[in-house]
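J.: Sharing a structure here in C-alpha cells format.
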Amino acid sequence: MALLLEQLLNGIQLGVTLFLLAAGLTLVFGIMGVINLAHGSLYMIGAYAAAVTATATGSAILSLLAGLAAAAAIGMLLEYVVLRRLYARDHLDQVLATFGLILFFNQGMVLLFGRQPLFVNVPEALQGFVRVLPGIDYPIYRLVIILVGLLVALGLYLLIQRTRIGMLVRAGATHREMVRALGVDVRLLYTLVFGLGALLAGLAGLMAGPILSVQPGMGEQILITTFVVVVIGGIGSVRGALFGAVLVGLVDTILRAYVPGLLRQVMEGSEADALGAGLASMGVYLLMALVLLVKPRGLFPAHA
C-alpha cells in the first residue's frame with residue numbers, strides 16, 4: 001500500500017511537469033498553428049539558467065527568477081526572429097526550422113557549459129520529507145511541484161476563460177482577421193502567448209533540475225512524451241493537457257514500477273528488467289492509440 005501510494009504521487013508529480021510543457025505546446029499549436037519542436041529547448045534553457053544562478057548565488061529565489069526570465073525572453077525572441085516567418089508556411093517548414101533550432105540550442109549549451117551534467121541541490125527550505133499517511137513519508141519538494149502545477153492549471157483556466165486577454169487569445173485562434181480588424185495587434189498577442197508557453201516550459205525545467213541532471217539534450221527526452229500528452233488531451237485544450245498529462249504520468253510511473261517485478265515471476269531477473277523497461281516505455285503510446293480509437297480528436301478537443 002505504501003509503495004502504491006508513493007508511486008501514485010510520483011506519477012502525479014511527473015504528470016504536472018508534463019502539463020507545464022504540454023500547456024504551452026498546445027496553446028502555441030492550437031492558437032498559432034505552429035509545430036514547435038524547439039519547445040523542449042526552452043525547458044532546457046530554464047533548467048540551465050536556474051542551475052547556473054543557484055550555483056553562483058546560492059539563492060533559490062534568484063534561480064527561480066533567472067530560469068523563468070531566460071526561458072520567456074528566449075521564447076519571445078525566438079517567436080519574433082524565426083517563428084513569425086513560419087505562420088503562413090506549411091507544417092513541414094515549421095518542423096524543419098524548429099528541429100534546426102534544437103541542434104542550435106543543444107550545441108550552444110555544450111559550448112557554454114560543456115557536456116558534463118550539472119547537478120542542482122533541492123532548496124534548503126524544501127528538503128526533507130512530510131508524512132502523508134501513517135508510516136508513509138514523501139519528499140516535500142515533489143509535493144511542492146504538484147502544488148505548483150495545480151496552481152498554474154487554475155491560473156491558466158482563469159486567464160483564458162475569465163479575462164479580456166483570454167478572450168482575445170480564443171478569438172485570435174479562430175477569427176484572426178476579425179480580431180485584427182478590431183484594432184488588436186495580433187502579432188503582439190502571438191508573441192505574448194508564445195512567451196507564456198516558454199515561461200511554463202522554463203518553470204518545468206527549473207523544477208525538474210534538482211530531481212534530474214541538467215544537461216544538453218534534456219528537452220528532447222521529455223518532448224516526445226509531451227506531444228503524446230497533447231494528442232491524448234486534445235490540441236488547443238489546456239484542460240485536456242492537464243488530464244492527459246496526469247494520465248500519462250500515472251500510467252508511465254505505475255508500469256515502470258510494477259511490470260519488471262511481475263515479469264520476474266516467470267523470467268530471469270535481467271531479462272525481466274530489460275523486457276519490463278521496454279513494455280513500460282510502450283505503455284503511453286498504447287494509451288494514446290486506445291484514446292484515439294475512441295476519441296480521434298483527443299479527450300477535450302477545444303481551444304482552451
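By convention here, the chains of the C-alpha cells are called A, B, ... in the order presented, each chain's residues are numbered starting at 1, and ligands are numbered starting at 1 in the order presented.
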Could you name the residues that touch Ala22 of chain A at 8 Å or less, counting only C-alpha atoms, but leaving out those on the same chain fewer than 3 positions away, as a list of chain:residue names?

T.: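 What passes the distance filter is A:Leu18, A:Phe19, A:Leu25, A:Thr26, A:Thr226, A:Phe227, A:Val229, A:Val230, A:Ala241, A:Ala245.
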
J.: Those same residues, written as a short mmCIF file (atom, residue, chain, number, x, y, z; two decimals), in the first residue's frame with C-alpha atoms?

T.:
data_model
loop_
_atom_site.label_atom_id
_atom_site.label_comp_id
_atom_site.auth_asym_id
_atom_site.auth_seq_id
_atom_site.Cartn_x
_atom_site.Cartn_y
_atom_site.Cartn_z
CA LEU A 18 4.40 17.23 -18.35
CA PHE A 19 1.41 19.55 -18.03
CA LEU A 25 2.83 23.50 -26.55
CA THR A 26 -0.91 23.04 -27.01
CA THR A 226 4.74 15.90 -24.13
CA PHE A 227 3.45 15.50 -27.69
CA VAL A 229 0.04 14.30 -23.80
CA VAL A 230 -1.14 16.96 -26.27
CA ALA A 241 -3.35 18.96 -21.36
CA ALA A 245 -0.54 14.78 -18.51
#

J.: With the cut-off set at 12 Å and counting only C-alpha atoms, tabulate each residue of segment 35-82 of chain A with an atom at most that distance from an atom of segment 187-192 of chain A, showing the nearest atom pair and its distance in Å to one decimal, ordered by chain and increasing number, as a tab-separated table.

T.:
residue	atom	partner	partner_atom	distance
A:Ala72	CA	A:Leu192	CA	9.2
A:Ala73	CA	A:Leu192	CA	10.4
A:Ile74	CA	A:Thr191	CA	11.2
A:Gly75	CA	A:Thr191	CA	8.5
A:Met76	CA	A:Thr191	CA	5.7
A:Leu77	CA	A:Thr191	CA	8.5
A:Leu78	CA	A:Thr191	CA	9.2
A:Glu79	CA	A:Thr191	CA	6.2
A:Tyr80	CA	A:Thr191	CA	6.9
A:Val81	CA	A:Thr191	CA	10.6
A:Val82	CA	A:Thr191	CA	11.4

J.: Store the residues picked out above, limited to N, CA and C atoms, as a short mmCIF file (atom, residue, chain, number, x, y, z; two decimals), in the first residue's frame.

T.:
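Result file selection_31.cif:
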data_model
loop_
_atom_site.label_atom_id
_atom_site.label_comp_id
_atom_site.auth_asym_id
_atom_site.auth_seq_id
_atom_site.Cartn_x
_atom_site.Cartn_y
_atom_site.Cartn_z
N ALA A 72 11.39 32.76 -20.91
CA ALA A 72 10.41 33.66 -21.52
C ALA A 72 11.07 34.60 -22.53
N ALA A 73 12.22 35.15 -22.18
CA ALA A 73 12.90 36.10 -23.08
C ALA A 73 13.37 35.40 -24.36
N ILE A 74 14.00 34.23 -24.21
CA ILE A 74 14.46 33.50 -25.39
C ILE A 74 13.26 33.06 -26.23
N GLY A 75 12.18 32.67 -25.57
CA GLY A 75 10.99 32.26 -26.30
C GLY A 75 10.41 33.38 -27.14
N MET A 76 10.26 34.55 -26.55
CA MET A 76 9.69 35.68 -27.31
C MET A 76 10.63 36.13 -28.42
N LEU A 77 11.94 36.09 -28.15
CA LEU A 77 12.90 36.43 -29.20
C LEU A 77 12.82 35.42 -30.35
N LEU A 78 12.66 34.17 -29.99
CA LEU A 78 12.53 33.10 -30.98
C LEU A 78 11.30 33.32 -31.85
N GLU A 79 10.20 33.69 -31.22
CA GLU A 79 8.97 33.93 -31.98
C GLU A 79 9.14 35.11 -32.91
N TYR A 80 9.77 36.17 -32.43
CA TYR A 80 9.92 37.39 -33.22
C TYR A 80 10.87 37.19 -34.40
N VAL A 81 11.96 36.47 -34.16
CA VAL A 81 13.00 36.36 -35.19
C VAL A 81 12.71 35.23 -36.18
N VAL A 82 12.20 34.09 -35.68
CA VAL A 82 12.09 32.90 -36.52
C VAL A 82 10.64 32.52 -36.82
#

J.: What's around Leu9 of chain A at 10 Å? Count only C-alpha atoms, leave out sequence neighbours fewer than 3 positions away in its own chain, and write the answer as a CSV table (one decimal) with C-alpha atoms, in the first residue's frame.

T.:
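So out12.csv came out as:
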chain,number,residue,atom,x,y,z
A,3,LEU,CA,4.7,1.7,-2.3
A,4,LEU,CA,1.5,2.1,-4.4
A,5,LEU,CA,0.7,5.5,-2.8
A,6,GLU,CA,4.3,6.6,-3.3
A,12,ILE,CA,1.1,12.9,-10.4
A,13,GLN,CA,4.4,14.8,-10.0
A,14,LEU,CA,5.6,13.6,-13.4
A,15,GLY,CA,2.1,14.5,-14.8
A,138,TYR,CA,7.1,11.7,0.9
A,142,ARG,CA,7.9,16.7,-5.0
A,143,LEU,CA,4.7,17.8,-3.2
A,146,ILE,CA,2.5,19.0,-7.6
A,249,GLY,CA,2.3,10.4,-15.7
A,250,LEU,CA,0.4,7.8,-13.7
A,253,THR,CA,5.2,5.5,-13.4

J.: Smallest atom-to-atom distance to Met109 of chain A: which of A:Gly236, A:Gly209, A:Pro216, A:Gly278, using only C-alpha atoms?

T.: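 Closest to Met109 of chain A of all the choices is A:Pro216.
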
J.: When distances are computed from only C-alpha atoms, which of A:Leu118, A:Ala204, A:Ile235, A:Val294 shows the smallest separation from Leu223 of chain A?

T.: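 For Leu223 of chain A, the nearest of the candidates is A:Ala204.
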
J.: Find the residues around Val251 of chain A up to 9 Å (only C-alpha atoms counted), leave out those fewer than 3 positions away in its own chain, and share them as a PyMOL selection string.

T.: chain A and resi 11+246-248+254-256+280+283-284+287

J.: Which is closest to Leu242 of chain A among A:Leu299, A:Val110, A:Met178, A:Ala97, if we use only C-alpha atoms?

T.: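 Using only C-alpha atoms, Leu242 of chain A sits closest to A:Leu299.
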
J.: Could you check the closest approach to Gly217 of chain A for each of A:Leu20, A:Leu68, A:Ala88, A:Ile102 and tell me which residue wins, using only C-alpha atoms?

T.: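 Between A:Leu20, A:Leu68, A:Ala88, A:Ile102, the residue approaching Gly217 of chain A most closely is A:Ile102.
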
J.: Output as a VMD selection string all residues of segment 129-182 of chain A that backbone DSSP marks as strand (DSSP E).

T.: chain A and resid 129 to 133 136 to 139

J.: Just the number, please: distance in Å from atom CA of Ala201 of chain A to atom CA of Met288 of chain A, one decimal.

T.: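 Atom CA of Met288 of chain A lies at a distance of 22.2 Å from atom CA of Ala201 of chain A.
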
J.: Do you have the atom CA of Gly135 of chain A-atom CA of Tyr258 of chain A distance handy?

T.: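 Computing it gives 21.1 Å between the two atoms.
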
J.: Which residues are near Thr55 of chain A? Cut-off 10 Å, only C-alpha atoms, ignore same chain within fewer than 3 positions. Put them as a list in words.

T.: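 The contact residues come out as Ala50, Ala51, Val52, Gly58, Ser59, Ala60, Ser63, Leu118, Phe119, Val120 and Asn121 of chain A.
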
J.: Those residues you just picked out, can you put them in a file as a compact mmCIF listing (two decimals), in the first residue's frame with N, CA and C atoms?

T.:
# COMPACT_ATOMS: atom_id res chain seq x y z
N ALA A 50 18.51 28.43 -14.23
CA ALA A 50 18.30 28.28 -12.79
C ALA A 50 19.49 27.60 -12.13
N ALA A 51 20.04 26.56 -12.78
CA ALA A 51 21.15 25.82 -12.19
C ALA A 51 22.40 26.70 -12.05
N VAL A 52 22.71 27.45 -13.10
CA VAL A 52 23.89 28.32 -13.06
C VAL A 52 23.72 29.41 -12.01
N GLY A 58 23.61 30.83 -4.76
CA GLY A 58 23.07 30.06 -3.65
C GLY A 58 21.65 30.44 -3.28
N SER A 59 21.01 31.26 -4.11
CA SER A 59 19.66 31.74 -3.80
C SER A 59 18.63 31.00 -4.64
N ALA A 60 17.67 30.37 -3.98
CA ALA A 60 16.60 29.67 -4.70
C ALA A 60 15.69 30.66 -5.41
N SER A 63 17.43 31.97 -8.55
CA SER A 63 17.49 30.93 -9.57
C SER A 63 16.12 30.73 -10.22
N LEU A 118 25.01 19.14 -15.01
CA LEU A 118 25.05 19.98 -13.82
C LEU A 118 24.06 19.41 -12.81
N PHE A 119 24.48 19.34 -11.56
CA PHE A 119 23.61 18.81 -10.51
C PHE A 119 23.21 19.95 -9.58
N VAL A 120 21.92 20.02 -9.31
CA VAL A 120 21.36 21.11 -8.52
C VAL A 120 20.78 20.54 -7.23
N ASN A 121 21.07 21.19 -6.12
CA ASN A 121 20.51 20.76 -4.84
C ASN A 121 19.08 21.27 -4.68

J.: Please report, as JSON, numbers by chain, each residue of segment 17-189 of chain A to which DSSP assigns alpha helix (DSSP H) when run on this structure's backbone.

T.: {"A": [17, 18, 19, 20, 21, 22, 23, 24, 25, 26, 27, 39, 40, 41, 42, 43, 44, 45, 46, 47, 48, 49, 50, 51, 52, 53, 54, 55, 56, 57, 60, 61, 62, 63, 64, 65, 66, 67, 68, 69, 70, 71, 72, 73, 74, 75, 76, 77, 78, 79, 80, 81, 91, 92, 93, 94, 95, 96, 97, 98, 99, 100, 101, 102, 103, 104, 105, 106, 107, 108, 109, 110, 111, 112, 113, 140, 141, 142, 143, 144, 145, 146, 147, 148, 149, 150, 151, 152, 153, 154, 155, 156, 157, 158, 159, 160, 161, 162, 164, 165, 166, 167, 168, 169, 170, 171, 172, 173, 174, 176, 177, 178, 179, 180, 181, 186, 187, 188, 189]}

J.: Could you jot down the atom CA of Arg239 of chain A to atom CA of Val28 of chain A separation for me, Å, one decimal place?

T.: 14.7 Å

J.: Could you name the residues that touch Ala71 of chain A at 6 Å or less, counting only C-alpha atoms, but leaving out those on the same chain fewer than 5 positions away, as a list in words?

T.: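 Counting only the stated atoms, we get Leu42, Ile45, Gly46, Ala198, Leu199 and Gly202 of chain A.
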
J.: Keeping N, CA and C atoms, export the residues of the selection given above as a JSON list (two decimals), in the first residue's frame.

T.:
[["chain", "number", "residue", "atom", "x", "y", "z"],
["A", 42, "LEU", "N", 13.46, 25.20, -24.69],
["A", 42, "LEU", "CA", 13.11, 26.23, -23.71],
["A", 42, "LEU", "C", 13.07, 25.63, -22.30],
["A", 45, "ILE", "N", 16.68, 25.48, -21.38],
["A", 45, "ILE", "CA", 17.21, 26.81, -21.07],
["A", 45, "ILE", "C", 16.80, 27.24, -19.66],
["A", 46, "GLY", "N", 15.53, 27.01, -19.30],
["A", 46, "GLY", "CA", 15.09, 27.34, -17.95],
["A", 46, "GLY", "C", 15.87, 26.58, -16.90],
["A", 198, "ALA", "N", 6.67, 29.57, -23.29],
["A", 198, "ALA", "CA", 8.09, 29.42, -22.99],
["A", 198, "ALA", "C", 8.34, 29.51, -21.49],
["A", 199, "LEU", "N", 7.66, 30.44, -20.83],
["A", 199, "LEU", "CA", 7.82, 30.59, -19.38],
["A", 199, "LEU", "C", 7.40, 29.32, -18.65],
["A", 202, "GLY", "N", 10.07, 26.77, -19.12],
["A", 202, "GLY", "CA", 11.19, 27.07, -18.24],
["A", 202, "GLY", "C", 10.91, 26.71, -16.79]]

J.: For Leu27 of chain A, which residue among A:Val266, A:Leu92, A:Val238, A:Ala257 is the nearest when counting only C-alpha atoms?

T.: A:Val238
